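I have placed the structure first, in the form of structure tokens, so that the comments after it can refer back to it.
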Amino acid sequence: MSTSTNAPKTGRARWIEFLILIVVAVVVAATVRTFLLQTFYIPSSSMERTLLLDDKVLVNKTAYWFQPPGRGEVVVFEPPPAWSAAPGQDYIKRVIGVAGDRVVCCDKDRRITVNGQALDEDYLYPGDAPSDKSFDVTVGAGSVFVLGDHRSASGDSREHLDAASGTVPEDRLVGRAFVLFWPAARARTLTVPATFADVPAPR
């Protein structure tokens with residue numbers, strides 16, 4: 001007399017399977033958040049009008065594993081110690097200059113230049129000037145120079161020119177913010193503004 005191999009599972013067996021699935025799901029979610037993707041909410045007005053207070057973005061934490069950050073990208077980073085940020089606080093800003101770039105404010109038309117090329121920053125908060133501070137910074141190797149899009153409300157590289165010329169080491173970058181996903185009505189990808197395509201390589 002043969003026995004069935006498809007006997008119905010007991011309630012206990014179902015609960016064990018359910019718990020295993022929950023544990024696996026938690027492990028996968030934790031792995032994704034730690035190494036691949038992370039959500040980040042916008043804690044201030046420093047990136048208006050691109051990103052508004054309490055917007056939520058998706059951050060690609062692998063973006064700079066195999067390539068350096070690029071000009072115009074929106075990045076989340078751990079501020080350098082000299083920035084005196086609260087413990088565990090991350091910043092979100094736009095990369096204006098990368099390693100080797102000379103970033104200057106400002107030309108005769110009050111525009112920021114990168115390697116001599118003026119930026120037409122149509123993403124700035126309406127009414128804001130590109131900067132209320134003058135600076136002339138050559139970005140060091142393995143670093144970036146970052147500014148908020150709402151310049152008059154942003155604590156960024158300009159506020160820390162006395163510490164490594166305000167630059168942020170690349171190893172403090174959490175990742176690139178590439179999608180605004182909440183609120184759903186404003187969901188979109190965060191692309192690099194066209195003005196950065198005209199910036200020449202550093203000399």
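For the structure tokens, the naming scheme is as follows: chains receive sequential letters (A, B, ...) according to their order of presentation, residues are indexed from 1 within each chain, and ligands are indexed from 1 in presentation order.
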
If you take only C-alpha atoms and a cut-off of 10 Å, which residues of range 157-194 of chain A touch range 87-97 of chain A, and what are their nearest atom pairs and distances in Å to one decimal, in chain and number order, as a Markdown table?
```
| residue | atom | partner | partner_atom | distance |
| --- | --- | --- | --- | --- |
| A:Ser157 | CA | A:Lys93 | CA | 9.6 |
| A:Thr167 | CA | A:Gly97 | CA | 9.0 |
| A:Val168 | CA | A:Val95 | CA | 9.8 |
| A:Arg172 | CA | A:Asp90 | CA | 9.8 |
| A:Leu173 | CA | A:Asp90 | CA | 9.4 |
| A:Val174 | CA | A:Asp90 | CA | 8.5 |
| A:Gly175 | CA | A:Ile92 | CA | 9.8 |
| A:Arg176 | CA | A:Ile92 | CA | 9.3 |
| A:Ala177 | CA | A:Ile92 | CA | 8.4 |
| A:Val192 | CA | A:Arg94 | CA | 9.5 |
```

So that I have them on file, write out the residues from the current selection with all heavy atoms, as a PDB file, in the first residue's frame.
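Contents of out_12.pdb, freshly written:
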```
ATOM      1  N   SER A 157      28.625  74.002  -0.100  1.00  0.00           N
ATOM      2  CA  SER A 157      30.074  74.183  -0.170  1.00  0.00           C
ATOM      3  C   SER A 157      30.500  75.628   0.084  1.00  0.00           C
ATOM      4  O   SER A 157      31.589  75.871   0.622  1.00  0.00           O
ATOM      5  CB  SER A 157      30.595  73.723  -1.540  1.00  0.00           C
ATOM      6  OG  SER A 157      30.550  72.311  -1.658  1.00  0.00           O
ATOM      7  N   THR A 167      34.762  71.400  -0.343  1.00  0.00           N
ATOM      8  CA  THR A 167      34.496  70.202  -1.133  1.00  0.00           C
ATOM      9  C   THR A 167      34.140  69.007  -0.241  1.00  0.00           C
ATOM     10  O   THR A 167      34.448  68.983   0.952  1.00  0.00           O
ATOM     11  CB  THR A 167      35.702  69.839  -2.016  1.00  0.00           C
ATOM     12  OG1 THR A 167      36.845  69.616  -1.183  1.00  0.00           O
ATOM     13  CG2 THR A 167      35.992  70.959  -3.005  1.00  0.00           C
ATOM     14  N   VAL A 168      33.500  68.027  -0.861  1.00  0.00           N
ATOM     15  CA  VAL A 168      33.045  66.825  -0.166  1.00  0.00           C
ATOM     16  C   VAL A 168      33.781  65.619  -0.744  1.00  0.00           C
ATOM     17  O   VAL A 168      33.737  65.398  -1.967  1.00  0.00           O
ATOM     18  CB  VAL A 168      31.522  66.631  -0.328  1.00  0.00           C
ATOM     19  CG1 VAL A 168      31.069  65.332   0.335  1.00  0.00           C
ATOM     20  CG2 VAL A 168      30.761  67.824   0.228  1.00  0.00           C
ATOM     21  N   ARG A 172      32.225  59.979   0.869  1.00  0.00           N
ATOM     22  CA  ARG A 172      31.120  60.340   1.756  1.00  0.00           C
ATOM     23  C   ARG A 172      29.788  60.413   1.002  1.00  0.00           C
ATOM     24  O   ARG A 172      28.750  60.714   1.604  1.00  0.00           O
ATOM     25  CB  ARG A 172      31.408  61.670   2.461  1.00  0.00           C
ATOM     26  CG  ARG A 172      32.662  61.621   3.338  1.00  0.00           C
ATOM     27  CD  ARG A 172      32.781  62.846   4.217  1.00  0.00           C
ATOM     28  NE  ARG A 172      31.849  62.806   5.339  1.00  0.00           N
ATOM     29  CZ  ARG A 172      32.106  62.216   6.510  1.00  0.00           C
ATOM     30  NH1 ARG A 172      33.252  61.587   6.704  1.00  0.00           N
ATOM     31  NH2 ARG A 172      31.214  62.248   7.486  1.00  0.00           N
ATOM     32  N   LEU A 173      29.827  60.132  -0.290  1.00  0.00           N
ATOM     33  CA  LEU A 173      28.592  60.118  -1.079  1.00  0.00           C
ATOM     34  C   LEU A 173      27.816  58.835  -0.794  1.00  0.00           C
ATOM     35  O   LEU A 173      28.337  57.730  -0.955  1.00  0.00           O
ATOM     36  CB  LEU A 173      28.896  60.220  -2.569  1.00  0.00           C
ATOM     37  CG  LEU A 173      29.631  61.476  -3.039  1.00  0.00           C
ATOM     38  CD1 LEU A 173      29.810  61.432  -4.553  1.00  0.00           C
ATOM     39  CD2 LEU A 173      28.902  62.742  -2.622  1.00  0.00           C
ATOM     40  N   VAL A 174      26.574  58.981  -0.384  1.00  0.00           N
ATOM     41  CA  VAL A 174      25.695  57.821  -0.169  1.00  0.00           C
ATOM     42  C   VAL A 174      25.248  57.263  -1.504  1.00  0.00           C
ATOM     43  O   VAL A 174      25.153  56.048  -1.709  1.00  0.00           O
ATOM     44  CB  VAL A 174      24.489  58.210   0.692  1.00  0.00           C
ATOM     45  CG1 VAL A 174      23.503  57.046   0.827  1.00  0.00           C
ATOM     46  CG2 VAL A 174      24.941  58.681   2.074  1.00  0.00           C
ATOM     47  N   GLY A 175      24.951  58.148  -2.450  1.00  0.00           N
ATOM     48  CA  GLY A 175      24.512  57.721  -3.763  1.00  0.00           C
ATOM     49  C   GLY A 175      23.878  58.852  -4.531  1.00  0.00           C
ATOM     50  O   GLY A 175      23.832  60.002  -4.079  1.00  0.00           O
ATOM     51  N   ARG A 176      23.389  58.523  -5.710  1.00  0.00           N
ATOM     52  CA  ARG A 176      22.753  59.504  -6.592  1.00  0.00           C
ATOM     53  C   ARG A 176      21.225  59.412  -6.477  1.00  0.00           C
ATOM     54  O   ARG A 176      20.648  58.317  -6.597  1.00  0.00           O
ATOM     55  CB  ARG A 176      23.160  59.267  -8.041  1.00  0.00           C
ATOM     56  CG  ARG A 176      22.487  60.240  -9.002  1.00  0.00           C
ATOM     57  CD  ARG A 176      22.827  59.958 -10.445  1.00  0.00           C
ATOM     58  NE  ARG A 176      22.110  60.869 -11.324  1.00  0.00           N
ATOM     59  CZ  ARG A 176      22.149  60.826 -12.648  1.00  0.00           C
ATOM     60  NH1 ARG A 176      22.886  59.915 -13.258  1.00  0.00           N
ATOM     61  NH2 ARG A 176      21.451  61.696 -13.357  1.00  0.00           N
ATOM     62  N   ALA A 177      20.588  60.542  -6.238  1.00  0.00           N
ATOM     63  CA  ALA A 177      19.124  60.602  -6.255  1.00  0.00           C
ATOM     64  C   ALA A 177      18.689  60.670  -7.724  1.00  0.00           C
ATOM     65  O   ALA A 177      19.054  61.608  -8.428  1.00  0.00           O
ATOM     66  CB  ALA A 177      18.634  61.825  -5.489  1.00  0.00           C
ATOM     67  N   VAL A 192      20.245  65.281 -15.495  1.00  0.00           N
ATOM     68  CA  VAL A 192      21.283  66.310 -15.453  1.00  0.00           C
ATOM     69  C   VAL A 192      20.880  67.468 -16.360  1.00  0.00           C
ATOM     70  O   VAL A 192      20.580  67.259 -17.536  1.00  0.00           O
ATOM     71  CB  VAL A 192      22.637  65.730 -15.897  1.00  0.00           C
ATOM     72  CG1 VAL A 192      23.687  66.831 -16.010  1.00  0.00           C
ATOM     73  CG2 VAL A 192      23.097  64.647 -14.920  1.00  0.00           C
TER      74      VAL A 192
END
```

Give me, as a VMD selection string, the residues of range 6-175 of chain A that a backbone DSSP run labels alpha helix (DSSP H).
chain A and resid 11 to 31

Find the residues around Asp136 in chain A up to 10 Å (only C-alpha atoms counted), leave out those fewer than 4 positions away in its own chain, and share them as a PDB file with all heavy atoms, in the first residue's frame.
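Generated file (around.pdb):
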```pdb
ATOM      1  N   ARG A 102      37.710  73.863 -11.990  1.00  0.00           N
ATOM      2  CA  ARG A 102      37.822  75.169 -11.349  1.00  0.00           C
ATOM      3  C   ARG A 102      36.432  75.810 -11.361  1.00  0.00           C
ATOM      4  O   ARG A 102      35.864  76.055 -12.429  1.00  0.00           O
ATOM      5  CB  ARG A 102      38.819  76.059 -12.078  1.00  0.00           C
ATOM      6  CG  ARG A 102      39.035  77.412 -11.378  1.00  0.00           C
ATOM      7  CD  ARG A 102      39.978  78.309 -12.147  1.00  0.00           C
ATOM      8  NE  ARG A 102      40.150  79.591 -11.456  1.00  0.00           N
ATOM      9  CZ  ARG A 102      40.761  80.642 -11.996  1.00  0.00           C
ATOM     10  NH1 ARG A 102      41.253  80.567 -13.233  1.00  0.00           N
ATOM     11  NH2 ARG A 102      40.876  81.762 -11.303  1.00  0.00           N
ATOM     12  N   VAL A 103      35.888  76.024 -10.178  1.00  0.00           N
ATOM     13  CA  VAL A 103      34.537  76.580 -10.033  1.00  0.00           C
ATOM     14  C   VAL A 103      34.668  78.002  -9.489  1.00  0.00           C
ATOM     15  O   VAL A 103      35.275  78.210  -8.429  1.00  0.00           O
ATOM     16  CB  VAL A 103      33.688  75.727  -9.072  1.00  0.00           C
ATOM     17  CG1 VAL A 103      32.249  76.230  -9.043  1.00  0.00           C
ATOM     18  CG2 VAL A 103      33.721  74.251  -9.490  1.00  0.00           C
ATOM     19  N   VAL A 104      34.110  78.975 -10.213  1.00  0.00           N
ATOM     20  CA  VAL A 104      34.306  80.381  -9.875  1.00  0.00           C
ATOM     21  C   VAL A 104      32.967  81.104  -9.830  1.00  0.00           C
ATOM     22  O   VAL A 104      32.091  80.883 -10.671  1.00  0.00           O
ATOM     23  CB  VAL A 104      35.226  81.077 -10.909  1.00  0.00           C
ATOM     24  CG1 VAL A 104      35.396  82.570 -10.573  1.00  0.00           C
ATOM     25  CG2 VAL A 104      36.584  80.391 -10.969  1.00  0.00           C
ATOM     26  N   CYS A 105      32.821  81.952  -8.859  1.00  0.00           N
ATOM     27  CA  CYS A 105      31.690  82.885  -8.811  1.00  0.00           C
ATOM     28  C   CYS A 105      32.261  84.295  -8.649  1.00  0.00           C
ATOM     29  O   CYS A 105      32.972  84.566  -7.692  1.00  0.00           O
ATOM     30  CB  CYS A 105      30.758  82.600  -7.648  1.00  0.00           C
ATOM     31  SG  CYS A 105      29.381  83.770  -7.556  1.00  0.00           S
ATOM     32  N   CYS A 106      31.941  85.113  -9.561  1.00  0.00           N
ATOM     33  CA  CYS A 106      31.068  84.886 -10.709  1.00  0.00           C
ATOM     34  C   CYS A 106      31.631  85.662 -11.894  1.00  0.00           C
ATOM     35  O   CYS A 106      32.538  86.476 -11.728  1.00  0.00           O
ATOM     36  CB  CYS A 106      29.650  85.370 -10.420  1.00  0.00           C
ATOM     37  SG  CYS A 106      28.747  84.356  -9.230  1.00  0.00           S
ATOM     38  N   ILE A 112      27.884  81.492 -12.305  1.00  0.00           N
ATOM     39  CA  ILE A 112      28.974  80.599 -11.892  1.00  0.00           C
ATOM     40  C   ILE A 112      29.596  79.993 -13.147  1.00  0.00           C
ATOM     41  O   ILE A 112      28.893  79.632 -14.100  1.00  0.00           O
ATOM     42  CB  ILE A 112      28.443  79.501 -10.956  1.00  0.00           C
ATOM     43  CG1 ILE A 112      28.075  80.103  -9.593  1.00  0.00           C
ATOM     44  CG2 ILE A 112      29.453  78.376 -10.777  1.00  0.00           C
ATOM     45  CD1 ILE A 112      27.428  79.125  -8.640  1.00  0.00           C
ATOM     46  N   THR A 113      30.929  79.898 -13.141  1.00  0.00           N
ATOM     47  CA  THR A 113      31.614  79.247 -14.251  1.00  0.00           C
ATOM     48  C   THR A 113      32.332  77.996 -13.760  1.00  0.00           C
ATOM     49  O   THR A 113      32.801  77.935 -12.621  1.00  0.00           O
ATOM     50  CB  THR A 113      32.634  80.189 -14.923  1.00  0.00           C
ATOM     51  OG1 THR A 113      33.688  80.487 -14.003  1.00  0.00           O
ATOM     52  CG2 THR A 113      31.964  81.483 -15.376  1.00  0.00           C
ATOM     53  N   VAL A 114      32.399  77.005 -14.642  1.00  0.00           N
ATOM     54  CA  VAL A 114      33.157  75.782 -14.377  1.00  0.00           C
ATOM     55  C   VAL A 114      34.116  75.598 -15.540  1.00  0.00           C
ATOM     56  O   VAL A 114      33.693  75.487 -16.695  1.00  0.00           O
ATOM     57  CB  VAL A 114      32.232  74.555 -14.234  1.00  0.00           C
ATOM     58  CG1 VAL A 114      33.058  73.303 -13.927  1.00  0.00           C
ATOM     59  CG2 VAL A 114      31.190  74.778 -13.145  1.00  0.00           C
ATOM     60  N   LEU A 161      34.089  77.114   2.860  1.00  0.00           N
ATOM     61  CA  LEU A 161      35.252  77.321   2.004  1.00  0.00           C
ATOM     62  C   LEU A 161      36.566  77.237   2.773  1.00  0.00           C
ATOM     63  O   LEU A 161      37.620  77.010   2.173  1.00  0.00           O
ATOM     64  CB  LEU A 161      35.135  78.675   1.300  1.00  0.00           C
ATOM     65  CG  LEU A 161      33.969  78.800   0.310  1.00  0.00           C
ATOM     66  CD1 LEU A 161      33.846  80.241  -0.176  1.00  0.00           C
ATOM     67  CD2 LEU A 161      34.148  77.850  -0.874  1.00  0.00           C
ATOM     68  N   SER A 165      38.218  73.841   0.961  1.00  0.00           N
ATOM     69  CA  SER A 165      37.545  74.673  -0.045  1.00  0.00           C
ATOM     70  C   SER A 165      36.073  74.315  -0.205  1.00  0.00           C
ATOM     71  O   SER A 165      35.481  74.517  -1.269  1.00  0.00           O
ATOM     72  CB  SER A 165      38.262  74.564  -1.408  1.00  0.00           C
ATOM     73  OG  SER A 165      39.595  75.026  -1.311  1.00  0.00           O
TER      74      SER A 165
END
```

Give me the residues within 10 Å of range 56-67 of chain A as a VMD selection string, counting only C-alpha atoms and dropping any in the same chain fewer than 6 places off.
chain A and resid 32 to 43 74 to 76 170 to 171 173 to 184 187 to 190

Using only C-alpha atoms, which of A:Pro80, A:Pro169, A:Pro202, A:Pro69 sits nearest Ala141 in chain A?
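With only C-alpha atoms as the atom set, the closest residue is A:Pro169.
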
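When only C-alpha atoms are used to compute distances to Pro200 in chain A, the closest of the residues A:Gly148, A:Gly100, A:Pro126, A:Gly140 turns out to be A:Gly100.
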
Which residue is closest to Gly116 in chain A? Choose from A:Val199, A:Asp162, A:Thr10, A:Pro130 and count only C-alpha atoms.
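Residue with the minimum atom-to-atom distance to Gly116 in chain A: A:Val199.
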
One decimal, Å: what's the distance from CA of Phe135 in chain A over to CA of Phe77 in chain A, could you say?
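Distance between the two atoms: 22.1 Å.
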
Compile the contact shell of Asp156 in chain A as a PDB file with all heavy atoms, in the first residue's frame: residues with an atom at most 7 Å away, counting only C-alpha atoms, same-chain residues fewer than 3 positions apart removed.
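Writing the result to result03.pdb gives the following:
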```pdb
ATOM      1  N   VAL A 146      29.541  71.089  -4.147  1.00  0.00           N
ATOM      2  CA  VAL A 146      28.082  70.932  -4.221  1.00  0.00           C
ATOM      3  C   VAL A 146      27.361  72.210  -3.788  1.00  0.00           C
ATOM      4  O   VAL A 146      27.816  72.928  -2.897  1.00  0.00           O
ATOM      5  CB  VAL A 146      27.604  69.753  -3.339  1.00  0.00           C
ATOM      6  CG1 VAL A 146      28.175  68.436  -3.831  1.00  0.00           C
ATOM      7  CG2 VAL A 146      27.973  69.978  -1.872  1.00  0.00           C
ATOM      8  N   LEU A 147      26.225  72.464  -4.438  1.00  0.00           N
ATOM      9  CA  LEU A 147      25.373  73.602  -4.098  1.00  0.00           C
ATOM     10  C   LEU A 147      23.916  73.164  -4.113  1.00  0.00           C
ATOM     11  O   LEU A 147      23.529  72.267  -4.876  1.00  0.00           O
ATOM     12  CB  LEU A 147      25.562  74.751  -5.105  1.00  0.00           C
ATOM     13  CG  LEU A 147      26.958  75.376  -5.217  1.00  0.00           C
ATOM     14  CD1 LEU A 147      26.971  76.414  -6.338  1.00  0.00           C
ATOM     15  CD2 LEU A 147      27.391  75.999  -3.904  1.00  0.00           C
ATOM     16  N   GLY A 148      23.101  73.812  -3.292  1.00  0.00           N
ATOM     17  CA  GLY A 148      21.664  73.597  -3.356  1.00  0.00           C
ATOM     18  C   GLY A 148      21.069  74.426  -4.477  1.00  0.00           C
ATOM     19  O   GLY A 148      21.647  75.428  -4.899  1.00  0.00           O
ATOM     20  N   GLU A 159      29.460  77.622   2.257  1.00  0.00           N
ATOM     21  CA  GLU A 159      29.496  77.922   3.692  1.00  0.00           C
ATOM     22  C   GLU A 159      30.732  77.336   4.380  1.00  0.00           C
ATOM     23  O   GLU A 159      30.966  77.618   5.555  1.00  0.00           O
ATOM     24  CB  GLU A 159      28.240  77.354   4.375  1.00  0.00           C
ATOM     25  CG  GLU A 159      26.929  77.854   3.793  1.00  0.00           C
ATOM     26  CD  GLU A 159      26.780  79.351   3.957  1.00  0.00           C
ATOM     27  OE1 GLU A 159      27.142  79.869   5.037  1.00  0.00           O
ATOM     28  OE2 GLU A 159      26.326  80.013   3.004  1.00  0.00           O
TER      29      GLU A 159
END
```

Please compute the CA of Pro193 in chain A-CA of Lys133 in chain A distance, one decimal, in Å.
22.7 Å

Might you pull out every residue within 9 Å of Tyr123 in chain A, with only C-alpha atoms counted and same-chain residues fewer than 2 positions away left off, and present them as a PyMOL selection string?
chain A and resi 48-50+120-121+125-126+149-150+193

Every residue of range 13-145 of chain A that DSSP places in strand (DSSP E or B), as a VMD selection string
chain A and resid 37 to 41 56 to 60 74 to 77 91 to 97 102 to 105 112 to 114 117 to 118 135 to 138 143 to 145

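Separating CA of Leu119 in chain A from CA of Arg71 in chain A is a distance of 11.2 Å.
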
Write out as a list in words each polymer residue whose atoms come within 8 Å of His160 in chain A, counting only C-alpha atoms; drop sequence neighbours fewer than 5 positions from it.
Ala82, Trp83, Ser165 and Gly166 of chain A

Could you turn the residues from that selection into a file that holds N, CA, C and O atoms, as a compact mmCIF listing (two decimals), in the first residue's frame?
```
# COMPACT_ATOMS: atom_id res chain seq x y z
N ALA A 82 33.82 68.80 9.40
CA ALA A 82 33.96 70.25 9.55
C ALA A 82 32.65 70.99 9.32
O ALA A 82 32.53 72.16 9.67
N TRP A 83 31.67 70.33 8.72
CA TRP A 83 30.39 70.98 8.46
C TRP A 83 29.52 71.03 9.71
O TRP A 83 28.47 71.66 9.71
N SER A 165 38.22 73.84 0.96
CA SER A 165 37.54 74.67 -0.04
C SER A 165 36.07 74.32 -0.20
O SER A 165 35.48 74.52 -1.27
N GLY A 166 35.49 73.75 0.85
CA GLY A 166 34.08 73.41 0.82
C GLY A 166 33.75 72.13 0.09
O GLY A 166 32.57 71.80 -0.08
```

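For the set A:Ala153, A:Met47, A:Ala85, A:Ala194, the residue with the smallest atom-to-atom gap to Asp132 in chain A is A:Ala153, counting only C-alpha atoms.
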